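See below for my_file.pdb, which holds PDB, C-alpha atoms.
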ATOM      1  CA  ALA A 202      52.868 -25.701  -0.876
ATOM      2  CA  GLN A 203      49.820 -25.665   1.342
ATOM      3  CA  SER A 204      46.561 -26.187  -0.493
ATOM      4  CA  VAL A 205      43.018 -27.459  -0.185
ATOM      5  CA  THR A 206      41.166 -29.250  -2.961
ATOM      6  CA  GLN A 207      37.435 -29.703  -3.154
ATOM      7  CA  PRO A 208      37.002 -31.916  -6.216
ATOM      8  CA  ASP A 209      33.261 -31.348  -6.666
ATOM      9  CA  ILE A 210      32.207 -27.874  -7.803
ATOM     10  CA  HIS A 211      28.488 -28.666  -7.796
ATOM     11  CA  ILE A 212      26.540 -31.486  -6.155
ATOM     12  CA  THR A 213      22.807 -32.125  -6.362
ATOM     13  CA  VAL A 214      21.036 -34.462  -3.968
ATOM     14  CA  SER A 215      17.435 -35.249  -3.179
ATOM     15  CA  GLU A 216      15.980 -34.185   0.132
ATOM     16  CA  GLY A 217      16.397 -36.995   2.636
ATOM     17  CA  ALA A 218      19.376 -38.515   0.824
ATOM     18  CA  SER A 219      22.798 -38.828   2.397
ATOM     19  CA  LEU A 220      25.581 -36.412   1.556
ATOM     20  CA  GLU A 221      29.363 -36.546   1.406
ATOM     21  CA  LEU A 222      31.456 -33.562   0.358
ATOM     22  CA  ARG A 223      35.083 -34.276  -0.349
ATOM     23  CA  CYS A 224      38.097 -32.314   0.845
ATOM     24  CA  ASN A 225      41.779 -33.081   0.393
ATOM     25  CA  TYR A 226      44.553 -30.978   1.845
ATOM     26  CA  SER A 227      48.277 -30.592   1.420
ATOM     27  CA  TYR A 228      50.055 -29.465   4.572
ATOM     28  CA  GLY A 229      53.338 -30.541   6.124
ATOM     29  CA  ALA A 230      52.426 -30.457   9.787
ATOM     30  CA  THR A 231      49.450 -31.632  11.814
ATOM     31  CA  PRO A 232      46.574 -29.742  10.248
ATOM     32  CA  TYR A 233      43.867 -27.669  11.801
ATOM     33  CA  LEU A 234      40.846 -28.403   9.600
ATOM     34  CA  PHE A 235      37.545 -26.615   9.187
ATOM     35  CA  TRP A 236      34.292 -26.761   7.282
ATOM     36  CA  TYR A 237      32.322 -23.558   6.725
ATOM     37  CA  VAL A 238      28.912 -23.036   5.123
ATOM     38  CA  GLN A 239      27.808 -19.951   3.232
ATOM     39  CA  SER A 240      24.200 -19.256   2.286
ATOM     40  CA  PRO A 241      23.599 -16.884  -0.652
ATOM     41  CA  GLY A 242      24.536 -13.318   0.193
ATOM     42  CA  GLN A 243      25.677 -14.273   3.671
ATOM     43  CA  GLY A 244      28.914 -14.596   5.555
ATOM     44  CA  LEU A 245      30.591 -17.846   6.553
ATOM     45  CA  GLN A 246      29.380 -19.984   9.423
ATOM     46  CA  LEU A 247      31.595 -22.597  11.028
ATOM     47  CA  LEU A 248      30.120 -26.110  10.815
ATOM     48  CA  LEU A 249      32.878 -27.995  12.593
ATOM     49  CA  LYS A 250      36.592 -28.119  13.216
ATOM     50  CA  TYR A 251      39.338 -30.636  13.880
ATOM     51  CA  PHE A 252      42.332 -29.737  16.003
ATOM     52  CA  SER A 253      43.380 -33.071  17.499
ATOM     53  CA  GLY A 254      41.998 -36.188  19.183
ATOM     54  CA  ASP A 255      39.040 -38.153  17.876
ATOM     55  CA  THR A 256      39.194 -38.201  14.104
ATOM     56  CA  LEU A 257      35.392 -38.172  13.754
ATOM     57  CA  VAL A 258      34.091 -34.741  14.692
ATOM     58  CA  GLN A 259      30.515 -33.656  15.136
ATOM     59  CA  GLY A 260      29.291 -30.250  14.115
ATOM     60  CA  ILE A 261      26.169 -28.173  13.986
ATOM     61  CA  LYS A 262      23.079 -28.905  11.871
ATOM     62  CA  GLY A 263      23.701 -32.662  11.976
ATOM     63  CA  PHE A 264      26.990 -32.566  10.051
ATOM     64  CA  GLU A 265      30.060 -34.643  10.828
ATOM     65  CA  ALA A 266      33.512 -34.976   9.289
ATOM     66  CA  GLU A 267      36.244 -37.571   9.467
ATOM     67  CA  PHE A 268      39.957 -36.766   9.428
ATOM     68  CA  LYS A 269      41.988 -39.400   7.605
ATOM     69  CA  ARG A 270      45.676 -38.616   7.829
ATOM     70  CA  SER A 271      46.696 -41.432   5.459
ATOM     71  CA  GLN A 272      44.459 -40.001   2.736
ATOM     72  CA  SER A 273      44.992 -36.306   3.597
ATOM     73  CA  SER A 274      41.237 -35.976   3.628
ATOM     74  CA  PHE A 275      38.574 -34.337   5.763
ATOM     75  CA  ASN A 276      35.246 -35.244   4.157
ATOM     76  CA  LEU A 277      31.983 -33.750   5.368
ATOM     77  CA  ARG A 278      28.931 -35.981   5.772
ATOM     78  CA  LYS A 279      25.279 -35.742   6.663
ATOM     79  CA  PRO A 280      22.965 -38.776   6.813
ATOM     80  CA  SER A 281      19.802 -36.997   5.643
ATOM     81  CA  VAL A 282      19.855 -33.704   3.777
ATOM     82  CA  HIS A 283      17.214 -31.018   4.308
ATOM     83  CA  TRP A 284      16.199 -28.417   1.718
ATOM     84  CA  SER A 285      17.684 -25.736   3.989
ATOM     85  CA  ASP A 286      21.144 -27.296   3.546
ATOM     86  CA  ALA A 287      21.373 -25.863   0.026
ATOM     87  CA  ALA A 288      24.392 -23.553   0.213
ATOM     88  CA  GLU A 289      28.083 -23.391  -0.614
ATOM     89  CA  TYR A 290      30.479 -25.364   1.550
ATOM     90  CA  PHE A 291      34.127 -24.526   2.077
ATOM     91  CA  CYS A 292      36.870 -26.693   3.500
ATOM     92  CA  ALA A 293      39.865 -24.892   5.006
ATOM     93  CA  VAL A 294      43.186 -25.696   6.646
ATOM     94  CA  GLY A 295      44.759 -23.477   9.275
ATOM     95  CA  ALA A 296      48.398 -22.678   8.603
ATOM     96  CA  GLY A 297      51.286 -20.373   9.267
ATOM     97  CA  SER A 298      52.172 -20.451  12.961
ATOM     98  CA  SER A 299      53.961 -22.978  15.152
ATOM     99  CA  GLY A 300      51.666 -24.401  17.791
ATOM    100  CA  GLY A 301      48.610 -22.870  16.149
ATOM    101  CA  TYR A 302      47.602 -21.120  12.988
ATOM    102  CA  ASN A 303      47.297 -17.527  11.828
ATOM    103  CA  LYS A 304      45.656 -17.902   8.427
ATOM    104  CA  LEU A 305      43.148 -20.099   6.683
ATOM    105  CA  ILE A 306      43.698 -21.635   3.272
ATOM    106  CA  PHE A 307      40.375 -22.319   1.602
ATOM    107  CA  GLY A 308      39.253 -24.705  -1.044
ATOM    108  CA  ALA A 309      37.279 -23.360  -3.992
ATOM    109  CA  GLY A 310      34.001 -24.531  -2.505
ATOM    110  CA  THR A 311      31.248 -27.004  -3.345
ATOM    111  CA  ARG A 312      27.804 -25.684  -4.180
ATOM    112  CA  LEU A 313      25.065 -27.981  -2.937
ATOM    113  CA  ALA A 314      21.613 -28.026  -4.495
ATOM    114  CA  VAL A 315      18.788 -30.006  -2.871
ATOM    115  CA  HIS A 316      15.874 -31.354  -4.906
ATOM    116  CA  PRO A 317      12.518 -31.730  -3.127
TER     117      PRO A 317
ATOM    118  CA  ASN B  88      27.529  -8.516  21.369
ATOM    119  CA  ALA B  89      27.648  -7.510  17.713
ATOM    120  CA  GLY B  90      30.582  -9.838  16.916
ATOM    121  CA  VAL B  91      32.272  -8.712  13.693
ATOM    122  CA  THR B  92      30.727  -5.805  11.808
ATOM    123  CA  GLN B  93      31.650  -4.514   8.361
ATOM    124  CA  THR B  94      30.683  -1.306   6.604
ATOM    125  CA  PRO B  95      29.550  -0.579   4.012
ATOM    126  CA  LYS B  96      27.589  -3.620   2.810
ATOM    127  CA  PHE B  97      27.769  -2.525  -0.819
ATOM    128  CA  GLN B  98      30.010  -0.062  -2.664
ATOM    129  CA  VAL B  99      30.530   0.951  -6.265
ATOM    130  CA  LEU B 100      33.735   2.759  -7.187
ATOM    131  CA  LYS B 101      35.238   4.114 -10.356
ATOM    132  CA  THR B 102      38.726   3.058 -11.389
ATOM    133  CA  GLY B 103      41.308   5.121  -9.535
ATOM    134  CA  GLN B 104      39.105   6.096  -6.619
ATOM    135  CA  SER B 105      40.156   5.328  -3.081
ATOM    136  CA  MET B 106      38.107   4.013  -0.204
ATOM    137  CA  THR B 107      38.330   2.304   3.155
ATOM    138  CA  LEU B 108      36.421  -0.798   4.152
ATOM    139  CA  GLN B 109      35.699  -0.781   7.845
ATOM    140  CA  CYS B 110      35.844  -3.762  10.190
ATOM    141  CA  ALA B 111      35.137  -3.699  13.893
ATOM    142  CA  GLN B 112      34.893  -6.406  16.541
ATOM    143  CA  ASP B 113      33.749  -6.463  20.144
ATOM    144  CA  MET B 114      35.146  -9.879  21.085
ATOM    145  CA  ASN B 115      38.534  -8.557  22.228
ATOM    146  CA  HIS B 116      40.357 -10.900  19.846
ATOM    147  CA  GLU B 117      43.954 -10.036  19.086
ATOM    148  CA  TYR B 118      43.946 -11.606  15.637
ATOM    149  CA  MET B 119      42.079 -10.053  12.712
ATOM    150  CA  SER B 120      42.264 -10.630   8.990
ATOM    151  CA  TRP B 121      40.873  -9.626   5.611
ATOM    152  CA  TYR B 122      39.906 -12.048   2.841
ATOM    153  CA  ARG B 123      38.499 -11.569  -0.615
ATOM    154  CA  GLN B 124      36.094 -14.029  -2.202
ATOM    155  CA  ASP B 125      35.946 -14.535  -5.942
ATOM    156  CA  PRO B 126      33.844 -17.109  -7.823
ATOM    157  CA  GLY B 127      35.539 -20.482  -8.083
ATOM    158  CA  MET B 128      38.475 -19.431  -5.910
ATOM    159  CA  GLY B 129      37.229 -19.674  -2.360
ATOM    160  CA  LEU B 130      38.552 -17.033   0.032
ATOM    161  CA  ARG B 131      42.071 -15.675  -0.189
ATOM    162  CA  LEU B 132      43.909 -13.894   2.590
ATOM    163  CA  ILE B 133      44.831 -10.256   1.883
ATOM    164  CA  HIS B 134      46.354  -8.996   5.157
ATOM    165  CA  TYR B 135      46.243 -10.001   8.772
ATOM    166  CA  SER B 136      47.137  -8.608  12.182
ATOM    167  CA  VAL B 137      48.133 -10.461  15.356
ATOM    168  CA  GLY B 138      47.581  -7.401  17.532
ATOM    169  CA  ALA B 139      47.513  -3.622  17.653
ATOM    170  CA  GLY B 140      50.458  -2.177  15.747
ATOM    171  CA  ILE B 141      51.333  -5.462  14.005
ATOM    172  CA  THR B 142      50.254  -6.347  10.470
ATOM    173  CA  ASP B 143      51.496  -8.737   7.822
ATOM    174  CA  GLN B 144      50.767  -9.667   4.240
ATOM    175  CA  GLY B 145      48.700 -12.605   3.152
ATOM    176  CA  GLU B 146      48.387 -14.322  -0.206
ATOM    177  CA  VAL B 147      47.072 -11.367  -2.270
ATOM    178  CA  PRO B 148      48.219  -8.079  -0.641
ATOM    179  CA  ASN B 149      48.921  -5.970  -3.733
ATOM    180  CA  GLY B 150      46.721  -2.881  -4.023
ATOM    181  CA  TYR B 151      45.619  -2.971  -0.378
ATOM    182  CA  ASN B 152      46.907  -1.302   2.786
ATOM    183  CA  VAL B 153      46.031  -1.968   6.400
ATOM    184  CA  SER B 154      46.859  -0.594   9.810
ATOM    185  CA  ARG B 155      45.850  -1.648  13.312
ATOM    186  CA  SER B 156      45.825   1.114  15.883
ATOM    187  CA  THR B 157      43.307  -0.507  18.243
ATOM    188  CA  THR B 158      42.265  -4.048  19.103
ATOM    189  CA  GLU B 159      38.718  -3.342  17.898
ATOM    190  CA  ASP B 160      39.298  -1.952  14.405
ATOM    191  CA  PHE B 161      41.088  -3.215  11.317
ATOM    192  CA  PRO B 162      40.348  -1.073   8.231
ATOM    193  CA  LEU B 163      41.301  -2.107   4.707
ATOM    194  CA  ARG B 164      42.309   0.676   2.309
ATOM    195  CA  LEU B 165      42.198   0.658  -1.460
ATOM    196  CA  LEU B 166      44.374   3.564  -2.574
ATOM    197  CA  SER B 167      43.575   3.409  -6.296
ATOM    198  CA  ALA B 168      40.797   0.979  -7.098
ATOM    199  CA  ALA B 169      41.060  -1.299 -10.131
ATOM    200  CA  PRO B 170      38.405  -3.504 -11.782
ATOM    201  CA  SER B 171      40.393  -6.560 -10.618
ATOM    202  CA  GLN B 172      39.482  -5.590  -7.068
ATOM    203  CA  THR B 173      35.792  -6.206  -7.717
ATOM    204  CA  SER B 174      35.038  -8.848  -5.125
ATOM    205  CA  VAL B 175      33.328  -9.631  -1.854
ATOM    206  CA  TYR B 176      35.490  -8.759   1.133
ATOM    207  CA  PHE B 177      35.280 -10.502   4.481
ATOM    208  CA  CYS B 178      36.846  -9.489   7.742
ATOM    209  CA  ALA B 179      37.500 -12.131  10.384
ATOM    210  CA  THR B 180      38.704 -12.370  13.954
ATOM    211  CA  GLN B 181      40.257 -15.387  15.593
ATOM    212  CA  LYS B 182      40.489 -16.876  19.049
ATOM    213  CA  TYR B 183      40.584 -20.655  18.537
ATOM    214  CA  GLU B 184      38.503 -20.434  15.372
ATOM    215  CA  GLN B 185      37.832 -17.642  12.928
ATOM    216  CA  PHE B 186      34.621 -15.630  13.056
ATOM    217  CA  PHE B 187      33.606 -13.863   9.868
ATOM    218  CA  GLY B 188      31.773 -10.617   9.315
ATOM    219  CA  PRO B 189      28.840 -10.340   6.885
ATOM    220  CA  GLY B 190      30.990  -9.038   4.022
ATOM    221  CA  THR B 191      31.263  -5.998   1.773
ATOM    222  CA  ARG B 192      30.405  -6.373  -1.895
ATOM    223  CA  LEU B 193      32.640  -4.029  -3.912
ATOM    224  CA  THR B 194      32.285  -3.261  -7.600
ATOM    225  CA  VAL B 195      34.953  -1.247  -9.426
ATOM    226  CA  LEU B 196      33.874   0.131 -12.793
TER     227      LEU B 196
END

Step by step, read the file and then write its structure as structure tokens.
Amino acid sequence: AQSVTQPDIHITVSEGASLELRCNYSYGATPYLFWYVQSPGQGLQLLLKYFSGDTLVQGIKGFEAEFKRSQSSFNLRKPSVHWSDAAEYFCAVGAGSSGGYNKLIFGAGTRLAVHP
Amino acid sequence: NAGVTQTPKFQVLKTGQSMTLQCAQDMNHEYMSWYRQDPGMGLRLIHYSVGAGITDQGEVPNGYNVSRSTTEDFPLRLLSAAPSQTSVYFCATQKYEQFFGPGTRLTVL
């Protein structure tokens, strides 16, 4: 069955520290992978996506993610966290259609807190 | 361009009442979908549509109906609301990636 696991429910980091949010997926075909961010009371904003090609993808707000097929992982990283990065982060895999996808399967999310 | 709009932003219903959550988009995307978000569970797909006149069920379709008569609109209907349907509902459209609306927070008492 297709699934996405985000092992960390909550993470707290200090401002200026590096960040890595973990994501593991289970999907039989080549995955379409996404990271979204949600600030309190807001909708979801796409940070970055992986469809094919270079396994290190750059996104907005200084985030990057690396696709590792052998580990079924797509971890999100940022070298220096800002207080405004405090939010909930969702990893998702696109599934359900040959040659593309027609639905997203989400992980449960990781809530990031940033200490000044 | 407004992107994806959802109305209302907040709604409180009593058990057994019916209502329709509205979703509209001005991006001319064929694909639209509805998700619900519950604490600790991420977002789960309710229904989706690949174009006008075509809809299909997602992961959690029970208790919800949809129809798609135009490219722009994709309403979600609750025929008889239940407390288990208390949630935040997001509509999304898709071209190469999915774009989400701001959400509707629904409480069923």

(message) the PyMOL selection byres ((chain B and resi 116) around 8) - which residues does that actually catch in the file I just gave you? List them as JSON, numbers by chain.
(response) {"B": [112, 113, 114, 115, 117, 118, 119, 158, 159, 180, 181, 182]}

Answer key for the PyMOL selection byres ((chain A and resi 216-230) around 9), residues as a tab-separated table (two decimals) with C-alpha atoms, in the frame of the given file:
chain	number	residue	atom	x	y	z
A	202	ALA	CA	52.87	-25.70	-0.88
A	203	GLN	CA	49.82	-25.66	1.34
A	204	SER	CA	46.56	-26.19	-0.49
A	205	VAL	CA	43.02	-27.46	-0.18
A	206	THR	CA	41.17	-29.25	-2.96
A	207	GLN	CA	37.44	-29.70	-3.15
A	208	PRO	CA	37.00	-31.92	-6.22
A	209	ASP	CA	33.26	-31.35	-6.67
A	212	ILE	CA	26.54	-31.49	-6.16
A	214	VAL	CA	21.04	-34.46	-3.97
A	215	SER	CA	17.43	-35.25	-3.18
A	231	THR	CA	49.45	-31.63	11.81
A	232	PRO	CA	46.57	-29.74	10.25
A	234	LEU	CA	40.85	-28.40	9.60
A	272	GLN	CA	44.46	-40.00	2.74
A	273	SER	CA	44.99	-36.31	3.60
A	274	SER	CA	41.24	-35.98	3.63
A	275	PHE	CA	38.57	-34.34	5.76
A	276	ASN	CA	35.25	-35.24	4.16
A	277	LEU	CA	31.98	-33.75	5.37
A	278	ARG	CA	28.93	-35.98	5.77
A	279	LYS	CA	25.28	-35.74	6.66
A	280	PRO	CA	22.96	-38.78	6.81
A	281	SER	CA	19.80	-37.00	5.64
A	282	VAL	CA	19.86	-33.70	3.78
A	283	HIS	CA	17.21	-31.02	4.31
A	284	TRP	CA	16.20	-28.42	1.72
A	290	TYR	CA	30.48	-25.36	1.55
A	291	PHE	CA	34.13	-24.53	2.08
A	292	CYS	CA	36.87	-26.69	3.50
A	293	ALA	CA	39.86	-24.89	5.01
A	294	VAL	CA	43.19	-25.70	6.65
A	296	ALA	CA	48.40	-22.68	8.60
A	308	GLY	CA	39.25	-24.70	-1.04
A	311	THR	CA	31.25	-27.00	-3.34
A	315	VAL	CA	18.79	-30.01	-2.87
A	316	HIS	CA	15.87	-31.35	-4.91
A	317	PRO	CA	12.52	-31.73	-3.13

(request) Name the residues captured by the ChimeraX specification (/B :<10) & /A when it is applied to the shown file; answer as number ranges by chain. (result) A: 205, 210, 233, 235, 242-247, 249-250, 252, 290-293, 295, 301-311

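Counting from CA of Pro162 (chain B), the distance to CA of Leu193 (chain B) is 14.7 Å.
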
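Going from CA of Tyr237 (chain A) over to CA of Ala266 (chain A), you cover 11.8 Å.
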
(request) Fewer than 3 positions away in the same chain doesn't count, so skip those; otherwise give me all residues within 9 Å of Tyr151 (chain B), counting only C-alpha atoms, as a PyMOL selection string. (result) chain B and resi 133-134+147-148+163-167

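Minimum atom-to-atom distance to Phe97 (chain B), evaluated using only C-alpha atoms, belongs to B:Thr194 out of B:Gln109, B:Asn149, B:Thr194, B:Thr142.
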
(request) Using all atoms listed in the file, pick whichever of B:Leu196, B:Ala139, B:Ala169, B:Val99 has the shortest atom-to-atom distance to Arg155 (chain B). (result) B:Ala139

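The two atoms in question, CA of Gln259 (chain A) and CA of Ser240 (chain A), are spaced 20.3 Å apart.
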
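Counting all atoms listed in the file, the residue from B:Ser171, B:Asp143, B:Gln98, B:Thr92 that sits nearest to Ala111 (chain B) is B:Thr92.
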
Let me have the centre and edge lengths in Å, one decimal, of the box along x, y and z around every listed atom of region 202-219 of chain A with 6 Å of margin on each side, as JSON.
{"center_x": 34.4, "center_y": -32.2, "center_z": -2.6, "size_x": 48.9, "size_y": 25.2, "size_z": 22.4}

Written-out region 217-236 of chain A (N, CA and C atoms) as a short mmCIF file (atom, residue, chain, number, x, y, z; two decimals), in the first residue's frame:
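Result file is out.cif:
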data_model
loop_
_atom_site.label_atom_id
_atom_site.label_comp_id
_atom_site.auth_asym_id
_atom_site.auth_seq_id
_atom_site.Cartn_x
_atom_site.Cartn_y
_atom_site.Cartn_z
N GLY A 217 19.00 29.78 13.68
CA GLY A 217 20.35 29.72 13.15
C GLY A 217 20.90 28.31 13.03
N ALA A 218 20.28 27.35 13.69
CA ALA A 218 20.72 25.96 13.61
C ALA A 218 20.26 25.34 12.30
N SER A 219 20.89 24.22 11.96
CA SER A 219 20.48 23.50 10.76
C SER A 219 19.27 22.62 11.08
N LEU A 220 18.58 22.23 10.00
CA LEU A 220 17.34 21.48 10.16
C LEU A 220 17.29 20.34 9.16
N GLU A 221 16.83 19.17 9.61
CA GLU A 221 16.51 18.09 8.70
C GLU A 221 15.21 17.45 9.16
N LEU A 222 14.23 17.42 8.29
CA LEU A 222 12.96 16.75 8.55
C LEU A 222 12.91 15.49 7.71
N ARG A 223 12.56 14.39 8.35
CA ARG A 223 12.62 13.11 7.69
C ARG A 223 11.30 12.72 7.03
N CYS A 224 11.42 12.02 5.91
CA CYS A 224 10.24 11.54 5.19
C CYS A 224 10.60 10.23 4.52
N ASN A 225 9.83 9.20 4.77
CA ASN A 225 9.98 7.93 4.08
C ASN A 225 8.67 7.58 3.39
N TYR A 226 8.78 7.02 2.21
CA TYR A 226 7.57 6.71 1.45
C TYR A 226 7.56 5.24 1.05
N SER A 227 6.38 4.76 0.76
CA SER A 227 6.21 3.42 0.22
C SER A 227 5.37 3.56 -1.04
N TYR A 228 5.99 3.26 -2.19
CA TYR A 228 5.29 3.44 -3.46
C TYR A 228 5.98 2.57 -4.49
N GLY A 229 5.23 1.85 -5.29
CA GLY A 229 5.80 0.86 -6.19
C GLY A 229 6.49 1.41 -7.41
N ALA A 230 6.06 2.55 -7.88
CA ALA A 230 6.62 3.10 -9.11
C ALA A 230 7.54 4.28 -8.77
N THR A 231 8.05 4.93 -9.80
CA THR A 231 8.85 6.13 -9.59
C THR A 231 7.97 7.19 -8.95
N PRO A 232 8.36 7.69 -7.80
CA PRO A 232 7.47 8.59 -7.08
C PRO A 232 7.58 10.04 -7.53
N TYR A 233 6.45 10.73 -7.43
CA TYR A 233 6.45 12.18 -7.46
C TYR A 233 6.39 12.61 -6.00
N LEU A 234 7.35 13.41 -5.56
CA LEU A 234 7.48 13.73 -4.14
C LEU A 234 7.39 15.23 -3.90
N PHE A 235 6.78 15.59 -2.79
CA PHE A 235 6.51 16.98 -2.48
C PHE A 235 6.75 17.25 -1.00
N TRP A 236 7.12 18.49 -0.70
CA TRP A 236 7.09 19.03 0.64
C TRP A 236 6.22 20.29 0.62
#
